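Reading through the C-alpha cells given below for one structure.
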Amino acid sequence: MLDLFKISLILFLMLGLLRKKIGIGYVMLISSGTLFLLYRMSLSDIITAARKVAVGSVTIKLLLSLSLIRIFELVLREQKILIAMMNAIKTSFRSRKAVIISMPLLIGMLPSLGGAYFSAPMVEEATTDTAMSQEEKAFINYWFRHPWELILPLYPGIVFASAVSHIPLNRLAITNAICAVALVATGFIYGMRGVGHSFQSGKGPVSGHSLRLWMNFLPIVVVMIMVIIAGIELHYALLFVLVPIFILYRYSSQRIFAAVKYGFSWDVIVMIAGIVFFKEAMEASGSVKNIGSFFIEHGIPLIPVFCLLPFLAGLVTGHTVGFVGSTFPLLISIGDQVLPSLISLAFVSGFIGVLLSPVHLCLILTREYFKADLSGIYRKTIPTCAIVFAVAIARYLFMK
C-alpha cells in the first residue's frame, strides 16, 4: 500500500508539472529524481539506470526515429508537398464531403504543433455555403486531424508506446487500426449532417496533372508500407525516404545540416532521456513489482486500471506523449503479459482522454478560430469518443 501511495504522489507531481507547461522531458527527469529520493536508492542504482539510458537500444532507436520524423516533416513543409497533396484532393474529388474532411485529414498526417490552425481556414472555405454551425465546422477540423495518431509511425506517441512496451510498431499500429477507422466513421456520421449531398462544381475526371499531384503522397505512403506492412524499423524507413528527397530537391550540404540540426533538437533529446530514465527508475525501485502483487492479492482487475490511468493522464495533460510517458511504465510492469490488445486498449483509452482534454492545443486553436462554443463541440466529441472506446473494448475482448 505504501508503494501505491508513493507512485500516486509521483503521478500527481507529473500531472501538476505538465499543467504548468513544463516540457515532458524535464517533467520525467524531475519525477525520476523524486522516485529515487522516495525509495532512498543508492548512487550505484542511479548510475546503473543512467548508463542504461545512455547506451540502451531503446534510447538510440527513439532518438533516431523522432529526430528523423522532425526532419521529414520539415522537408515536406519546406517543399510545400502538403499543399500539393491538398490540390490533388481538390482536383480529383467531386464530393463536397470528401473535400471537407480531406483538409484536416491531410494536415493531420504531419505531427505539427498548431496544424489545426492551418486546416481551419480550408474547412471554413469548403463549408461556406452550407447550413453547418460554427461548432460543427470546429468539430470536423478537430476530429479528422486525429485518426492518424493511432496508426501513423510519424507520431511520437505510438513510437514511444511501442518502445516502452517492446511491441513491434507495426503490430501496435495494426491493432489500433480498427479504432482509427471507427474514429473516421463516427466523425463522418456526427459531422456531416449539415452538408447534404451537394457536389463541388467544375471538377472533372483525374487528369495527368492530377496524377502528378497524387505522386506527392509517395513519401508518406512509402514510410507507411515499409513500417506497417514490411515491418521495417522506422528510422531505417525514414532514412530510405529522406535521402532521395534530398537528392530530388537538390539540398545543399548547408540545408541538410540545418535540417539535421532542427531534427536532433535538445528538446527531443531531453524528452527521450526523461521518459526512458523514468522507466528504468520505476523498474530499479521495485515499486511496480510490489504494486502488481498488491493488485493480485486484493483481486483488483487490471482492465479498469489499464483504461482509467491513461485516460486521466491524457485528460489532464492533453498530450499523447504525456500519458504514455507517465503511465505506460507502470502499466507494463504490473501486467501479467504485455499483449498488443491490452497495450492498444490502454493507448486508445489515453488517447480518448487527450481528445476530451480542454488543454489540448488542437482543441484550443480550433475553438479560437471558429469562435465556437466549447460545449457545442463537446456535444459531438463525447458521443463519438464513447463509440470509439466501445470499439476498443470489443476489439480487446475479441483478440483476447
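Note on naming: chains are A, B, ... as they come in the C-alpha cells, residues start from 1 per chain, ligands start from 1 in the order shown.
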Item to complete: Tell me which protein, DNA and RNA residues are within 8 Å of stretch 154-161 of chain A, counting only C-alpha atoms, leaving out same-chain ones fewer than 3 positions away, and put them as number ranges by chain.
Response: A: 62, 66, 69, 109-111, 149-151, 164-165, 169, 172-173, 320-321, 324-325, 328, 347
Practice prompt. Name all residues at most 6 Å from stretch 103-107 of chain A (count only C-alpha atoms; drop same-chain ones fewer than 3 positions away) and give them as a PyMOL selection string.
Written response: chain A and resi 100+119+141+144-145
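Residues in contact range of A:Glu124, defined as at most 8 Å between only C-alpha atoms, with sequence neighbours fewer than 4 positions away removed, read A:Ala120, A:Thr128, A:Lys137.
Nearest residue to A:Gly231 among A:Met132, A:Val354, A:Met271, A:Ile167 is A:Ile167, counting only C-alpha atoms.
Among the candidates A:Leu4, A:Ile247, A:Leu312, A:Ala259, the residue lying nearest to A:Ser326 is A:Leu312 (atoms considered: only C-alpha atoms).
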Discussion item. I'd like the contact shell of A:Ser375 - 12 Å cut-off, only C-alpha atoms, skipping same-chain residues fewer than 5 positions apart - returned as a PyMOL selection string.
Written reply: chain A and resi 134-136+138-139+356+358+363+367+380-382
Practice prompt. Extract, using only C-alpha atoms, all DNA, RNA and protein residues at most 10 Å from A:Lys61, discarding same-chain residues fewer than 6 positions from it, and format them as an NGL selection string.
Written response: :A and (67 or 159 or 163 or 233-236)
C-alpha atoms of the current selection, written as an mmCIF file, in the first residue's frame:
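Below is the file result_17.cif, written as the result:
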data_model
loop_
_atom_site.group_PDB
_atom_site.id
_atom_site.type_symbol
_atom_site.label_atom_id
_atom_site.label_comp_id
_atom_site.auth_asym_id
_atom_site.auth_seq_id
_atom_site.Cartn_x
_atom_site.Cartn_y
_atom_site.Cartn_z
ATOM 1 C CA SER A 67 14.668 13.213 -34.918
ATOM 2 C CA VAL A 159 6.515 5.251 -31.262
ATOM 3 C CA ALA A 163 9.424 1.241 -27.495
ATOM 4 C CA GLU A 233 12.109 -0.221 -38.250
ATOM 5 C CA LEU A 234 11.005 3.390 -38.507
ATOM 6 C CA HIS A 235 14.420 5.057 -38.556
ATOM 7 C CA TYR A 236 15.531 2.876 -41.478
#
Worksheet item: Contacts of stretch 392-398 of chain A at 10 Å or less, counting only C-alpha atoms, minus same-chain residues fewer than 2 places along, as a ChimeraX atom specification?
Response: /A:175-176,178-180,182,303,307,339-349,386-390,400
Any chance you can output those residues with C-alpha atoms as a compact mmCIF listing (two decimals), in the first residue's frame?
# COMPACT_ATOMS: atom_id res chain seq x y z
CA THR A 175 -4.06 -3.46 -33.59
CA ASN A 176 -5.08 0.21 -33.33
CA ILE A 178 -9.94 -0.60 -36.25
CA CYS A 179 -10.21 2.25 -33.72
CA ALA A 180 -8.78 4.68 -36.27
CA ALA A 182 -14.11 3.91 -36.06
CA ILE A 303 -8.58 -3.81 -17.27
CA CYS A 307 -8.23 2.12 -19.08
CA LEU A 339 -0.27 -8.28 -25.01
CA PRO A 340 -0.75 -5.99 -28.03
CA SER A 341 -4.51 -5.98 -27.42
CA LEU A 342 -4.07 -4.78 -23.82
CA ILE A 343 -1.49 -2.11 -24.67
CA SER A 344 -3.68 -0.95 -27.54
CA LEU A 345 -6.65 -0.66 -25.17
CA ALA A 346 -4.56 1.45 -22.79
CA PHE A 347 -3.32 3.60 -25.69
CA VAL A 348 -6.82 4.22 -27.06
CA SER A 349 -8.12 5.00 -23.55
CA ALA A 386 -17.73 6.78 -26.35
CA ILE A 387 -18.26 4.83 -29.58
CA VAL A 388 -14.51 4.61 -30.27
CA PHE A 389 -13.92 3.37 -26.71
CA ALA A 390 -16.67 0.75 -27.12
CA LYS A 400 -8.30 -11.95 -26.00
Worksheet item: So which residues of stretch 55-212 of chain A fall under helix (DSSP H, G or I) by DSSP, listed as a PyMOL selection string?
Response: chain A and resi 55+57-78+81-92+96-107+115-126+134-143+147-150+156-165+169-191+208-212
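With only C-alpha atoms as the atoms that count, the residue of A:Leu38, A:Ile24, A:Val55, A:Pro219 with the shortest distance to A:Phe72 is A:Pro219.
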